[in-house]
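Just final_2.pdb here, PDB, N, CA and C atoms:
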ATOM      1  N   MET A 179      32.163 -16.456 236.582
ATOM      2  CA  MET A 179      31.461 -15.486 235.770
ATOM      3  C   MET A 179      30.479 -16.240 234.872
ATOM      4  N   SER A 180      29.261 -15.779 234.820
ATOM      5  CA  SER A 180      28.261 -16.461 234.011
ATOM      6  C   SER A 180      28.251 -15.912 232.583
ATOM      7  N   LYS A 181      27.838 -16.758 231.684
ATOM      8  CA  LYS A 181      27.789 -16.396 230.276
ATOM      9  C   LYS A 181      26.430 -15.770 229.973
ATOM     10  N   LYS A 182      26.439 -14.724 229.144
ATOM     11  CA  LYS A 182      25.177 -14.088 228.778
ATOM     12  C   LYS A 182      24.337 -15.024 227.921
ATOM     13  N   LEU A 183      23.053 -15.083 228.211
ATOM     14  CA  LEU A 183      22.168 -15.923 227.424
ATOM     15  C   LEU A 183      21.807 -15.261 226.101
ATOM     16  N   PHE A 184      21.553 -13.981 226.136
ATOM     17  CA  PHE A 184      21.140 -13.271 224.938
ATOM     18  C   PHE A 184      22.106 -12.129 224.673
ATOM     19  N   LYS A 185      22.531 -12.017 223.434
ATOM     20  CA  LYS A 185      23.420 -10.930 223.051
ATOM     21  C   LYS A 185      22.635  -9.901 222.266
ATOM     22  N   ASN A 186      23.054  -8.674 222.382
ATOM     23  CA  ASN A 186      22.433  -7.592 221.642
ATOM     24  C   ASN A 186      23.209  -7.391 220.352
ATOM     25  N   TYR A 187      22.535  -7.493 219.230
ATOM     26  CA  TYR A 187      23.165  -7.297 217.932
ATOM     27  C   TYR A 187      22.708  -5.988 217.300
ATOM     28  N   GLU A 188      22.483  -5.002 218.146
ATOM     29  CA  GLU A 188      22.032  -3.690 217.672
ATOM     30  C   GLU A 188      23.209  -2.716 217.780
ATOM     31  N   TYR A 189      23.496  -2.026 216.688
ATOM     32  CA  TYR A 189      24.665  -1.156 216.629
ATOM     33  C   TYR A 189      24.278   0.214 216.121
ATOM     34  N   GLU A 190      25.023   1.205 216.601
ATOM     35  CA  GLU A 190      24.849   2.573 216.123
ATOM     36  C   GLU A 190      26.111   2.962 215.356
ATOM     37  N   PHE A 191      25.984   3.029 214.033
ATOM     38  CA  PHE A 191      27.103   3.418 213.180
ATOM     39  C   PHE A 191      26.911   4.860 212.748
ATOM     40  N   ASP A 192      28.015   5.600 212.631
ATOM     41  CA  ASP A 192      27.894   6.937 212.057
ATOM     42  C   ASP A 192      27.832   6.806 210.532
ATOM     43  N   LYS A 193      27.618   7.921 209.848
ATOM     44  CA  LYS A 193      27.422   7.893 208.387
ATOM     45  C   LYS A 193      28.637   7.303 207.668
ATOM     46  N   ASN A 194      29.824   7.681 208.096
ATOM     47  CA  ASN A 194      31.033   7.181 207.439
ATOM     48  C   ASN A 194      31.175   5.675 207.616
ATOM     49  N   GLU A 195      30.916   5.185 208.825
ATOM     50  CA  GLU A 195      31.012   3.749 209.075
ATOM     51  C   GLU A 195      29.981   2.978 208.255
ATOM     52  N   GLN A 196      28.785   3.544 208.108
ATOM     53  CA  GLN A 196      27.762   2.900 207.292
ATOM     54  C   GLN A 196      28.200   2.814 205.841
ATOM     55  N   LYS A 197      28.801   3.874 205.319
ATOM     56  CA  LYS A 197      29.271   3.868 203.931
ATOM     57  C   LYS A 197      30.394   2.859 203.739
ATOM     58  N   VAL A 198      31.328   2.812 204.689
ATOM     59  CA  VAL A 198      32.448   1.872 204.595
ATOM     60  C   VAL A 198      31.934   0.434 204.623
ATOM     61  N   LEU A 199      31.035   0.130 205.547
ATOM     62  CA  LEU A 199      30.508  -1.231 205.651
ATOM     63  C   LEU A 199      29.665  -1.605 204.431
ATOM     64  N   ALA A 200      28.863  -0.661 203.934
ATOM     65  CA  ALA A 200      28.039  -0.942 202.753
ATOM     66  C   ALA A 200      28.917  -1.208 201.533
ATOM     67  N   SER A 201      29.945  -0.402 201.336
ATOM     68  CA  SER A 201      30.821  -0.638 200.186
ATOM     69  C   SER A 201      31.609  -1.942 200.359
ATOM     70  N   PHE A 202      31.981  -2.265 201.588
ATOM     71  CA  PHE A 202      32.662  -3.534 201.854
ATOM     72  C   PHE A 202      31.756  -4.709 201.490
ATOM     73  N   CYS A 203      30.492  -4.643 201.890
ATOM     74  CA  CYS A 203      29.548  -5.728 201.596
ATOM     75  C   CYS A 203      29.281  -5.836 200.097
ATOM     76  N   LYS A 204      29.175  -4.698 199.418
ATOM     77  CA  LYS A 204      28.970  -4.722 197.967
ATOM     78  C   LYS A 204      30.150  -5.364 197.263
ATOM     79  N   GLN A 205      31.350  -5.072 197.721
ATOM     80  CA  GLN A 205      32.544  -5.678 197.133
ATOM     81  C   GLN A 205      32.575  -7.178 197.392
ATOM     82  N   ALA A 206      32.172  -7.583 198.588
ATOM     83  CA  ALA A 206      32.133  -9.012 198.908
ATOM     84  C   ALA A 206      31.125  -9.730 198.014
ATOM     85  N   ILE A 207      29.994  -9.099 197.755
ATOM     86  CA  ILE A 207      28.979  -9.699 196.876
ATOM     87  C   ILE A 207      29.528  -9.828 195.456
ATOM     88  N   LYS A 208      30.223  -8.806 194.978
ATOM     89  CA  LYS A 208      30.807  -8.871 193.629
ATOM     90  C   LYS A 208      31.787 -10.031 193.507
ATOM     91  N   GLN A 209      32.567 -10.255 194.557
ATOM     92  CA  GLN A 209      33.557 -11.331 194.513
ATOM     93  C   GLN A 209      32.905 -12.710 194.569
ATOM     94  N   MET A 210      31.777 -12.825 195.268
ATOM     95  CA  MET A 210      31.133 -14.126 195.420
ATOM     96  C   MET A 210      30.083 -14.392 194.342
ATOM     97  N   ASN A 211      29.720 -13.385 193.584
ATOM     98  CA  ASN A 211      28.670 -13.507 192.581
ATOM     99  C   ASN A 211      29.058 -14.530 191.518
ATOM    100  N   GLY A 212      28.107 -15.314 191.099
ATOM    101  CA  GLY A 212      28.350 -16.293 190.055
ATOM    102  C   GLY A 212      28.700 -17.669 190.567
ATOM    103  N   ASP A 213      29.020 -17.801 191.836
ATOM    104  CA  ASP A 213      29.345 -19.100 192.403
ATOM    105  C   ASP A 213      28.179 -19.545 193.283
ATOM    106  N   GLU A 214      27.597 -20.667 192.940
ATOM    107  CA  GLU A 214      26.410 -21.158 193.649
ATOM    108  C   GLU A 214      26.684 -21.525 195.107
ATOM    109  N   ARG A 215      27.939 -21.806 195.439
ATOM    110  CA  ARG A 215      28.270 -22.181 196.822
ATOM    111  C   ARG A 215      28.063 -21.023 197.783
ATOM    112  N   PHE A 216      28.139 -19.793 197.275
ATOM    113  CA  PHE A 216      28.049 -18.618 198.129
ATOM    114  C   PHE A 216      26.668 -17.963 198.108
ATOM    115  N   PHE A 217      25.653 -18.678 197.655
ATOM    116  CA  PHE A 217      24.311 -18.102 197.552
ATOM    117  C   PHE A 217      23.814 -17.575 198.899
ATOM    118  N   ARG A 218      24.016 -18.342 199.937
ATOM    119  CA  ARG A 218      23.548 -17.941 201.278
ATOM    120  C   ARG A 218      24.327 -16.726 201.792
ATOM    121  N   ASP A 219      25.635 -16.701 201.542
ATOM    122  CA  ASP A 219      26.444 -15.560 201.955
ATOM    123  C   ASP A 219      26.039 -14.290 201.221
ATOM    124  N   ILE A 220      25.732 -14.423 199.942
ATOM    125  CA  ILE A 220      25.298 -13.260 199.150
ATOM    126  C   ILE A 220      24.007 -12.697 199.718
ATOM    127  N   LYS A 221      23.067 -13.584 200.066
ATOM    128  CA  LYS A 221      21.806 -13.122 200.662
ATOM    129  C   LYS A 221      22.056 -12.416 201.997
ATOM    130  N   THR A 222      22.997 -12.939 202.782
ATOM    131  CA  THR A 222      23.310 -12.336 204.076
ATOM    132  C   THR A 222      23.899 -10.943 203.896
ATOM    133  N   PHE A 223      24.876 -10.810 202.991
ATOM    134  CA  PHE A 223      25.482  -9.502 202.773
ATOM    135  C   PHE A 223      24.510  -8.523 202.133
ATOM    136  N   ASP A 224      23.597  -9.020 201.296
ATOM    137  CA  ASP A 224      22.575  -8.156 200.712
ATOM    138  C   ASP A 224      21.636  -7.627 201.800
ATOM    139  N   SER A 225      21.303  -8.473 202.760
ATOM    140  CA  SER A 225      20.469  -8.059 203.886
ATOM    141  C   SER A 225      21.188  -7.006 204.737
ATOM    142  N   ILE A 226      22.487  -7.186 204.930
ATOM    143  CA  ILE A 226      23.274  -6.203 205.694
ATOM    144  C   ILE A 226      23.260  -4.856 204.985
ATOM    145  N   ILE A 227      23.428  -4.871 203.660
ATOM    146  CA  ILE A 227      23.414  -3.622 202.889
ATOM    147  C   ILE A 227      22.079  -2.921 203.044
ATOM    148  N   ASN A 228      20.985  -3.671 202.937
ATOM    149  CA  ASN A 228      19.649  -3.073 203.086
ATOM    150  C   ASN A 228      19.474  -2.444 204.462
ATOM    151  N   LYS A 229      19.975  -3.103 205.484
ATOM    152  CA  LYS A 229      19.846  -2.556 206.838
ATOM    153  C   LYS A 229      20.712  -1.317 207.023
ATOM    154  N   LEU A 230      21.901  -1.318 206.431
ATOM    155  CA  LEU A 230      22.791  -0.161 206.562
ATOM    156  C   LEU A 230      22.270   1.044 205.779
ATOM    157  N   GLU A 231      21.642   0.784 204.629
ATOM    158  CA  GLU A 231      21.166   1.889 203.800
ATOM    159  C   GLU A 231      19.809   2.426 204.231
ATOM    160  N   SER A 232      19.116   1.706 205.118
ATOM    161  CA  SER A 232      17.894   2.278 205.688
ATOM    162  C   SER A 232      18.314   3.419 206.608
ATOM    163  N   GLN A 233      17.518   4.406 206.735
ATOM    164  CA  GLN A 233      17.905   5.616 207.461
ATOM    165  C   GLN A 233      17.656   5.514 208.964
ATOM    166  N   ASN A 234      17.730   4.310 209.496
ATOM    167  CA  ASN A 234      17.549   4.121 210.940
ATOM    168  C   ASN A 234      18.823   4.489 211.686
ATOM    169  N   GLU A 235      18.663   5.001 212.899
ATOM    170  CA  GLU A 235      19.825   5.327 213.725
ATOM    171  C   GLU A 235      20.522   4.067 214.198
ATOM    172  N   LYS A 236      19.742   3.068 214.566
ATOM    173  CA  LYS A 236      20.303   1.816 215.053
ATOM    174  C   LYS A 236      20.085   0.737 214.007
ATOM    175  N   VAL A 237      21.105  -0.085 213.835
ATOM    176  CA  VAL A 237      21.047  -1.193 212.887
ATOM    177  C   VAL A 237      21.060  -2.483 213.696
ATOM    178  N   LYS A 238      20.061  -3.315 213.476
ATOM    179  CA  LYS A 238      19.966  -4.569 214.218
ATOM    180  C   LYS A 238      20.267  -5.729 213.271
ATOM    181  N   PHE A 239      21.330  -6.469 213.593
ATOM    182  CA  PHE A 239      21.742  -7.613 212.800
ATOM    183  C   PHE A 239      21.243  -8.897 213.439
ATOM    184  N   THR A 240      21.154  -9.930 212.624
ATOM    185  CA  THR A 240      20.953 -11.258 213.179
ATOM    186  C   THR A 240      22.326 -11.794 213.587
ATOM    187  N   LYS A 241      22.341 -12.897 214.298
ATOM    188  CA  LYS A 241      23.613 -13.474 214.728
ATOM    189  C   LYS A 241      24.450 -13.886 213.522
ATOM    190  N   GLU A 242      23.803 -14.468 212.527
ATOM    191  CA  GLU A 242      24.512 -14.905 211.314
ATOM    192  C   GLU A 242      25.112 -13.717 210.574
ATOM    193  N   GLU A 243      24.354 -12.630 210.440
ATOM    194  CA  GLU A 243      24.856 -11.442 209.749
ATOM    195  C   GLU A 243      26.068 -10.863 210.477
ATOM    196  N   LYS A 244      25.969 -10.799 211.779
ATOM    197  CA  LYS A 244      27.066 -10.233 212.558
ATOM    198  C   LYS A 244      28.317 -11.087 212.450
ATOM    199  N   THR A 245      28.175 -12.407 212.577
ATOM    200  CA  THR A 245      29.350 -13.262 212.543
ATOM    201  C   THR A 245      30.010 -13.262 211.169
ATOM    202  N   LYS A 246      29.211 -13.267 210.089
ATOM    203  CA  LYS A 246      29.802 -13.246 208.743
ATOM    204  C   LYS A 246      30.480 -11.920 208.460
ATOM    205  N   LEU A 247      29.869 -10.829 208.885
ATOM    206  CA  LEU A 247      30.455  -9.511 208.666
ATOM    207  C   LEU A 247      31.762  -9.366 209.440
ATOM    208  N   VAL A 248      31.760  -9.758 210.696
ATOM    209  CA  VAL A 248      32.968  -9.635 211.518
ATOM    210  C   VAL A 248      34.078 -10.533 210.980
ATOM    211  N   PHE A 249      33.741 -11.751 210.586
ATOM    212  CA  PHE A 249      34.749 -12.655 210.043
ATOM    213  C   PHE A 249      35.386 -12.086 208.778
ATOM    214  N   GLN A 250      34.553 -11.588 207.872
ATOM    215  CA  GLN A 250      35.083 -11.031 206.620
ATOM    216  C   GLN A 250      35.906  -9.772 206.872
ATOM    217  N   LEU A 251      35.469  -8.932 207.809
ATOM    218  CA  LEU A 251      36.246  -7.733 208.139
ATOM    219  C   LEU A 251      37.610  -8.104 208.722
ATOM    220  N   LYS A 252      37.633  -9.082 209.608
ATOM    221  CA  LYS A 252      38.907  -9.505 210.206
ATOM    222  C   LYS A 252      39.843 -10.088 209.146
ATOM    223  N   GLU A 253      39.301 -10.910 208.264
ATOM    224  CA  GLU A 253      40.126 -11.502 207.211
ATOM    225  C   GLU A 253      40.658 -10.432 206.261
ATOM    226  N   ASN A 254      39.823  -9.469 205.927
ATOM    227  CA  ASN A 254      40.251  -8.388 205.042
ATOM    228  C   ASN A 254      41.304  -7.516 205.720
ATOM    229  N   ALA A 255      41.141  -7.258 206.996
ATOM    230  CA  ALA A 255      42.132  -6.458 207.729
ATOM    231  C   ALA A 255      43.470  -7.192 207.783
ATOM    232  N   LYS A 256      43.439  -8.513 207.989
ATOM    233  CA  LYS A 256      44.685  -9.298 207.980
ATOM    234  C   LYS A 256      45.372  -9.217 206.621
ATOM    235  N   TYR A 257      44.581  -9.353 205.567
ATOM    236  CA  TYR A 257      45.133  -9.285 204.218
ATOM    237  C   TYR A 257      45.735  -7.906 203.935
ATOM    238  N   LEU A 258      45.018  -6.854 204.314
ATOM    239  CA  LEU A 258      45.528  -5.492 204.089
ATOM    240  C   LEU A 258      46.808  -5.247 204.869
ATOM    241  N   ASN A 259      46.881  -5.747 206.077
ATOM    242  CA  ASN A 259      48.090  -5.584 206.883
ATOM    243  C   ASN A 259      49.276  -6.288 206.224
ATOM    244  N   LYS A 260      49.040  -7.488 205.706
ATOM    245  CA  LYS A 260      50.095  -8.234 205.029
ATOM    246  C   LYS A 260      50.546  -7.510 203.758
ATOM    247  N   GLU A 261      49.597  -6.997 202.985
ATOM    248  CA  GLU A 261      49.927  -6.276 201.753
ATOM    249  C   GLU A 261      50.624  -4.951 202.052
ATOM    250  N   MET A 262      50.253  -4.324 203.144
ATOM    251  CA  MET A 262      50.856  -3.049 203.532
ATOM    252  C   MET A 262      52.345  -3.217 203.798
ATOM    253  N   LYS A 263      52.708  -4.325 204.396
ATOM    254  CA  LYS A 263      54.103  -4.551 204.768
ATOM    255  C   LYS A 263      55.014  -4.731 203.561
ATOM    256  N   LYS A 264      54.459  -5.232 202.447
ATOM    257  CA  LYS A 264      55.323  -5.490 201.301
ATOM    258  C   LYS A 264      55.111  -4.528 200.136
ATOM    259  N   SER A 265      54.373  -3.439 200.343
ATOM    260  CA  SER A 265      54.116  -2.504 199.250
ATOM    261  C   SER A 265      54.898  -1.200 199.426
ATOM    262  N   TRP A 266      54.896  -0.410 198.367
ATOM    263  CA  TRP A 266      55.600   0.868 198.365
ATOM    264  C   TRP A 266      54.709   1.973 198.920
ATOM    265  N   PHE A 267      55.213   3.186 198.909
ATOM    266  CA  PHE A 267      54.619   4.304 199.627
ATOM    267  C   PHE A 267      53.156   4.572 199.257
ATOM    268  N   ILE A 268      52.848   4.813 197.996
ATOM    269  CA  ILE A 268      51.479   5.193 197.596
ATOM    270  C   ILE A 268      50.494   4.071 197.904
ATOM    271  N   LYS A 269      50.846   2.867 197.491
ATOM    272  CA  LYS A 269      49.973   1.723 197.736
ATOM    273  C   LYS A 269      49.804   1.494 199.238
ATOM    274  N   LYS A 270      50.888   1.647 199.978
ATOM    275  CA  LYS A 270      50.844   1.479 201.425
ATOM    276  C   LYS A 270      49.908   2.501 202.059
ATOM    277  N   TRP A 271      49.919   3.718 201.525
ATOM    278  CA  TRP A 271      49.066   4.778 202.053
ATOM    279  C   TRP A 271      47.596   4.429 201.865
ATOM    280  N   PHE A 272      47.218   3.914 200.678
ATOM    281  CA  PHE A 272      45.832   3.498 200.435
ATOM    282  C   PHE A 272      45.446   2.324 201.331
ATOM    283  N   TYR A 273      46.317   1.344 201.412
ATOM    284  CA  TYR A 273      46.026   0.185 202.252
ATOM    285  C   TYR A 273      45.906   0.572 203.716
ATOM    286  N   ARG A 274      46.748   1.484 204.179
ATOM    287  CA  ARG A 274      46.704   1.897 205.580
ATOM    288  C   ARG A 274      45.377   2.571 205.915
ATOM    289  N   ASN A 275      44.857   3.401 205.000
ATOM    290  CA  ASN A 275      43.567   4.051 205.243
ATOM    291  C   ASN A 275      42.446   3.021 205.379
ATOM    292  N   MET A 276      42.403   2.058 204.457
ATOM    293  CA  MET A 276      41.369   1.026 204.527
ATOM    294  C   MET A 276      41.545   0.169 205.776
ATOM    295  N   TYR A 277      42.789  -0.199 206.066
ATOM    296  CA  TYR A 277      43.067  -1.022 207.247
ATOM    297  C   TYR A 277      42.622  -0.299 208.517
ATOM    298  N   ASN A 278      42.934   0.980 208.623
ATOM    299  CA  ASN A 278      42.545   1.749 209.809
ATOM    300  C   ASN A 278      41.036   1.849 209.943
ATOM    301  N   GLN A 279      40.334   2.042 208.832
ATOM    302  CA  GLN A 279      38.870   2.111 208.891
ATOM    303  C   GLN A 279      38.283   0.790 209.374
ATOM    304  N   TYR A 280      38.728  -0.317 208.786
ATOM    305  CA  TYR A 280      38.208  -1.623 209.189
ATOM    306  C   TYR A 280      38.563  -1.934 210.641
ATOM    307  N   ASN A 281      39.778  -1.637 211.026
ATOM    308  CA  ASN A 281      40.231  -1.920 212.383
ATOM    309  C   ASN A 281      39.468  -1.070 213.402
ATOM    310  N   ASN A 282      39.209   0.195 213.079
ATOM    311  CA  ASN A 282      38.444   1.059 213.985
ATOM    312  C   ASN A 282      37.028   0.540 214.166
ATOM    313  N   ILE A 283      36.400   0.099 213.095
ATOM    314  CA  ILE A 283      35.044  -0.442 213.195
ATOM    315  C   ILE A 283      35.055  -1.716 214.038
ATOM    316  N   LEU A 284      36.028  -2.576 213.805
ATOM    317  CA  LEU A 284      36.105  -3.825 214.575
ATOM    318  C   LEU A 284      36.297  -3.561 216.059
ATOM    319  N   THR A 285      37.201  -2.655 216.401
ATOM    320  CA  THR A 285      37.468  -2.408 217.824
ATOM    321  C   THR A 285      36.338  -1.629 218.476
ATOM    322  N   LYS A 286      35.734  -0.712 217.771
ATOM    323  CA  LYS A 286      34.695   0.130 218.361
ATOM    324  C   LYS A 286      33.376  -0.623 218.553
ATOM    325  N   HIS A 287      32.987  -1.436 217.582
ATOM    326  CA  HIS A 287      31.656  -2.044 217.632
ATOM    327  C   HIS A 287      31.653  -3.549 217.873
ATOM    328  N   PHE A 288      32.664  -4.250 217.400
ATOM    329  CA  PHE A 288      32.590  -5.714 217.399
ATOM    330  C   PHE A 288      33.596  -6.388 218.316
ATOM    331  N   SER A 289      34.236  -5.651 219.199
ATOM    332  CA  SER A 289      35.143  -6.324 220.133
ATOM    333  C   SER A 289      34.323  -6.906 221.278
ATOM    334  N   ASP A 290      34.546  -8.170 221.539
ATOM    335  CA  ASP A 290      33.758  -8.851 222.594
ATOM    336  C   ASP A 290      34.514  -8.933 223.879
TER
END
Just dump the structure as structure tokens.
Amino acid sequence: MSKKLFKNYEYEFDKNEQKVLASFCKQAIKQMNGDERFFRDIKTFDSIINKLESQNEKVKFTKEEKTKLVFQLKENAKYLNKEMKKSWFIKKWFYRNMYNQYNNILTKHFSD
């Protein structure tokens, strides 16, 4: 089987997925803000937010934007799953909703 030379980084997100991803990126920027080591990551997530908030049907990412977004989503989903297992009912319910949203986006759009 041959490897693809060029990958398509164009995605069609519905309104809810765009809101979830935009709020996720904003939260990531808040956490990285103030640390000079994350300057490049902040610019990448800011670019993702701008693309998600534009009213285009299709969102086209660069390879760097896609890889950073997918990596952060996977890490956040792992963390939420771990926290879900050791929390009580109400907290577990909130974590499960976020985990399901992130997991659905990962499987629907970013599974290779």
Find the residues of stretch 195-227 of chain A that sit at most 7 Å from stretch 238-260 of chain A; for each, write down the nearest two atoms and how far apart they are in Å, to one decimal. Count only N, CA and C atoms. Sort by chain, then by number going up, and give it as CSV.
residue,atom,partner,partner_atom,distance
A:Thr222,CA,A:Glu243,CA,5.9
A:Phe223,N,A:Glu243,CA,6.8
A:Ile226,CA,A:Glu243,CA,6.8
Dump of N, CA and C atoms for the selected residues, as a PDB file, in the frame of the given file:
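Contents of the output file result-v7.pdb:
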ATOM      1  N   THR A 222      22.997 -12.939 202.782  1.00  0.00           N
ATOM      2  CA  THR A 222      23.310 -12.336 204.076  1.00  0.00           C
ATOM      3  C   THR A 222      23.899 -10.943 203.896  1.00  0.00           C
ATOM      4  N   PHE A 223      24.876 -10.810 202.991  1.00  0.00           N
ATOM      5  CA  PHE A 223      25.482  -9.502 202.773  1.00  0.00           C
ATOM      6  C   PHE A 223      24.510  -8.523 202.133  1.00  0.00           C
ATOM      7  N   ILE A 226      22.487  -7.186 204.930  1.00  0.00           N
ATOM      8  CA  ILE A 226      23.274  -6.203 205.694  1.00  0.00           C
ATOM      9  C   ILE A 226      23.260  -4.856 204.985  1.00  0.00           C
TER      10      ILE A 226
END
Between A:Arg218, A:Glu188, A:Ile227, A:Val237, which has the minimum distance to A:Ala200 (counting all atoms listed in the file)?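 Checking each of A:Arg218, A:Glu188, A:Ile227, A:Val237 against A:Ala200, counting all atoms listed in the file, the winner is A:Ile227.
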Convert the output of the PyMOL selection byres (((chain A and resi 191 and name CA) around 12) and name CA) on the shown file into explicit residues, formatted as a ChimeraX atom specification. /A:188-190,192-200,229-238,282-284,286-288
Separation of atom CA of A:Ile207 and atom CA of A:Trp271, in Å? 25.3 Å
Members of chain A assigned helix (DSSP H, G or I) by DSSP, as a PyMOL selection string: chain A and resi 193-210+214-231+241-263+267-287
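Across the structure, atom CA of A:Ser265 and atom N of A:Gln279 are spaced 17.4 Å apart.
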Tell me, in Å to one decimal, how far atom N of A:Lys185 is from atom N of A:Ser289.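 Atom-to-atom, atom N of A:Lys185 to atom N of A:Ser289, that is 14.0 Å.
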